[in-house]
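Heads up: the structure comes next, in structure tokens.
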Protein chains: 2
Amino acid sequence: MTKLSGKNIIGTSLSAEGSITFNAENPANGQKLEPGFHEAAEKEIWLAIEKAATAFEVFRKKSGKERAVFLETIAEEVTALGDSLITRCMEETGLPEARLKGERGRTVTQLKMFAAYLRDGSWVEARIDKADPVRTPPKPDIRSMQKALGPVGVFGASNFPLAFSVAGGDTTSALAAGCPVIFKAHPAHPGTCEMVGMAIAKAAEKTGMPEGTFSMVHGKSTAVGLAIVRHPLIRAIGFTGSYRGGKALFDVANSRPVPIPVYAEMGSTNPVFILPEAMRQNKSNIARELAASVTLGVGQFCTNPGLVFYEPDVESSFADTLSRSLEEIKPGVMLTSYIQEAYQAGVSKLAGTQGVRTLFKGTVSGSGCYAPAYLFQTSADTFLNDHTLEEEVFGPSTLAVPAEDKQQLLRIARQLGGHLTATIHATENDLQQYAELVDILEQKAGRLIVNGYPTGVEVTHAMVHGGPFPATTDSRSTSVGTDAIRRFARPVCYQNFPQSLLPLELRDDNPLGILRMVNGTYGRG
Amino acid sequence: MTKLSGKNIIGTSLSAEGSITFNAENPANGQKLEPGFHEAAEKEIWLAIEKAATAFEVFRKKSGKERAVFLETIAEEVTALGDSLITRCMEETGLPEARLKGERGRTVTQLKMFAAYLRDGSWVEARIDKADPVRTPPKPDIRSMQKALGPVGVFGASNFPLAFSVAGGDTTSALAAGCPVIFKAHPAHPGTCEMVGMAIAKAAEKTGMPEGTFSMVHGKSTAVGLAIVRHPLIRAIGFTGSYRGGKALFDVANSRPVPIPVYAEMGSTNPVFILPEAMRQNKSNIARELAASVTLGVGQFCTNPGLVFYEPDVESSFADTLSRSLEEIKPGVMLTSYIQEAYQAGVSKLAGTQGVRTLFKGTVSGSGCYAPAYLFQTSADTFLNDHTLEEEVFGPSTLAVPAEDKQQLLRIARQLGGHLTATIHATENDLQQYAELVDILEQKAGRLIVNGYPTGVEVTHAMVHGGPFPATTDSRSTSVGTDAIRRFARPVCYQNFPQSLLPLELRDDNPLGILRMVNGTYGRG
């Protein structure tokens, strides 16, 4: 592999104008990793954004097919990084090889899925209403389609160093829409970021994309991110991370002279409801599988199930069964010491909350960022009266809340804030009895799951990875799946345009063969 | 006709708990119109919103067909108001009978168009990705569709007392999506609002919609609107009006504990570019038609062309030709004395701006809110250096800006902020020479017009009445045309749901026959 430079990627140049440097750290042993990375100076960030704005004039007019080839080439270049990418990423994140190879597969699949979506081309939602010159007054010819917004700032997540990072979902959907990307590398895995960033830069060059279509800046301080969000040429933000971080960017973006949309996926507690008959018939399976979901990836998923609601069962306590299942799971290493500390603070706060009992605490041995699993329990009354119990604790922790009866369970559901997911374990009979619960949860989450677990977000057309605030800052969108492209586009309408001046998508003969709505009727004609 | 009550419509009750009352005024003669209208008290607003939230649980589950019948019945009830609606509306707005009859037609057409859109049902963007149990790991069944957001607050516009008011585009699209509406009546035409509000209430009752699906509150003070925007059960806002008003609501909505989307259409200056060959070939026609567009409805359209750019022509000045065309147009009455005063302030400010010349001022005779047309002129340099010259002056005024050459014309275009529309007058030859202008304007406006005028917004599927900030607070949407429904919905995803629990739109047999994407392929199968 090429040696890492520790520099920012500004268009086609490597740049290190800033004086601050920082190093990544191996969370398994606290070891500092070389090289040092240069935090981007403000002038480098501005240059990257100016290049993006210039690139946009060309990039926005590339055909869907051309952008598809670009994305496919990124997939090839990321794949070509081979084991060196996995090795560096393991060092920086402590994540196991199999998981990272899986995540690389997901990243590549995602790029290819968007490429196929662009090749089909129908995503632009072309609409044509033809003129009627004999009407009084004459009806004009009106045509519209989705067009790219402009340069987008993307912030990578700590917990998905590949699939929600440099060539992850936000970057891929923004590039697919025709928006240049300025990527803010996550300081926990800057080396991984550099490798993937260089792969994108290479793909851009190979496929003739204009310089500035992609840039990547490093930074540990919030100044780098804020400089991106505040720059007038930035048109939208994609973010995956904490509530604090996402909400701060949202507020800054809305206080700009020209506000811009922020798509911040800020995680959630992902309530799980276990209904009575399912509990009676399937308690130990649910407990085992739920324990696996709570501890998957050391609980470092925004879809981690952090709340479990059920009606108390007479035989043996579900919480005990869940405790025993958690006991069997080996503790893992968290991504960074910072995340580990935040997790410790979170579980300590929960443990110290009045009315909350610690039912289980995993044991950890050895140094490094190991994190024990936790199971807490509280009464429904306590939960209903303390809103902080709904807050996310990022890590392998969950809170069991037995409810007195169906009415109390529904009351809890009604009181919930926004979440990415909501899960119901139920038999057919349960579902009939608790139809209202589905109605309520539909208003609380982006994705509802029956007899499954929220971890594992399928990259597919129908996926909705989003949900009402505070899960995200924009419930009207998804950050996973092809519909994510819509976040980075807006409709533009053409009135009485001559054919030659119309985008191909809107011409009478439909040269791209896309699905369109013509005079109210859908078709590819 | 029934006597006006002057009361708020809270669900199925008329309510007048507030102590403040106000009267509408005839702008043509300053006459106070009876009755007094009761400004809604905070508890009435809260009650309306609570009723809306309760209604939502039922209304959201009404089928598209049921909501279509509701909208069609509103259209019938509005039509049944007959001449009494037009008479009251003329008194309150000073708008001529023909215009108001046209606007009523537009309102009714709009309701019926959304009804037809609901009957087709494909707007929900159903997506289905079927399970693959043999994949490793097994692929779950994932299905998603658009679902209503919840209770929506809608603010009526002063300048469209029917089509952008009580039963206007925002109300219609919100109800179509399945969202109850709390309507804030415009204080300039409260009697018109009451009549249409009662028509909606009647239609809701006739078609079995739950109480609270629609409420309407009166108010002259900003407190009424703010109480709506701040209420935690309100999920989105639709607004048409001034920049000041829209931006204030946007800021309040974003500072809520749970921010909500605000779709504020705040108007714009709608630049018109006249290219050289078109100018040479068609100067007097363009001047005549532009003068008509500038003064249409006494200039009280958010699509009013307030900026005209062109390259100077050697023969005779375009501005002189435009002046002569404006001379031929009779001045009209503005909607309110408040709007007239704001117009006077706006034109006085323009007239007093250094480098701006007043080329034409219409004459007005008689009392009442008559407004003279104005034509101003400034140099391109002055325009490029004074951003305030791009601000909207709501009324029959326009600013002519001759540019030195093509490069300066393009520089002006590049510097423009967001507008609802941008217009180009051009021959085929001009368009070839100025292809770049279209590229630039595409990024500045929601709708581009060739050889036409921005006034006149067709209600149709492909219409985009929107545009980048400050034209609107959300460029990703339209407030006219069927796509407006998308503003009041968000995607919800169902994972591994049994068929019986899925919405009809997502069931295997597609009982509604809607267009869906199944495993990446569009069809009605």
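Residues in the structure tokens are named by chain (A, B, ... in the order shown) and by number from 1 within that chain; ligands are numbered from 1 in the order shown.
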
Backbone DSSP call of strand (DSSP E) for range 54-224 of chain B, listed as a VMD selection string: chain B and resid 126 to 129 142 to 148 152 to 155 181 to 184 214 to 217

Using 6 Å as the limit and counting only C-alpha atoms, can you tabulate each residue of chain B that touches chain A, with its shortest atom-to-atom distance in Å and the two atoms involved, as a Markdown table?
| residue | atom | partner | partner_atom | distance |
| --- | --- | --- | --- | --- |
| B:Arg127 | CA | A:Ala462 | CA | 5.0 |
| B:Ile128 | CA | A:Ala462 | CA | 5.8 |
| B:Ile142 | CA | A:Ala462 | CA | 5.9 |
| B:Arg143 | CA | A:Ala462 | CA | 5.3 |
| B:Ser144 | CA | A:Ala462 | CA | 5.3 |
| B:Gly446 | CA | A:Val492 | CA | 5.0 |
| B:Arg447 | CA | A:Cys493 | CA | 4.4 |
| B:Leu448 | CA | A:Tyr494 | CA | 5.0 |
| B:Ile449 | CA | A:Gln495 | CA | 4.6 |
| B:Val450 | CA | A:Phe497 | CA | 5.6 |
| B:Ala462 | CA | A:Arg127 | CA | 5.0 |
| B:Val464 | CA | A:Cys493 | CA | 5.5 |
| B:Arg476 | CA | A:Arg490 | CA | 4.3 |
| B:Arg490 | CA | A:Arg476 | CA | 4.3 |
| B:Val492 | CA | A:Gly446 | CA | 5.0 |
| B:Cys493 | CA | A:Arg447 | CA | 4.4 |
| B:Tyr494 | CA | A:Leu448 | CA | 5.0 |
| B:Gln495 | CA | A:Ile449 | CA | 4.6 |
| B:Asn496 | CA | A:Val450 | CA | 5.7 |
| B:Phe497 | CA | A:Val450 | CA | 5.6 |

Contact residues around Glu44 in chain A with only C-alpha atoms at 12 Å, ignoring same-chain residues under 4 positions, as a PyMOL selection string: chain A and resi 7-11+13-18+38-40+48-51+182+215-219+224+227-228

Residues within 8 Å of Ile237 in chain B, only C-alpha atoms, excluding chain neighbours under 6 positions, as a ChimeraX atom specification: /B:152-155,229,260-264

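Among the candidates B:Arg288, B:Arg104, B:Arg516, B:Lys220, the one nearest to Ala80 in chain B when counting only C-alpha atoms is B:Arg104.
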
Selected residue of minimal separation from Leu118 in chain B among B:Ala131, B:Leu175, B:Leu249, B:Ile339, counting only C-alpha atoms: B:Leu175
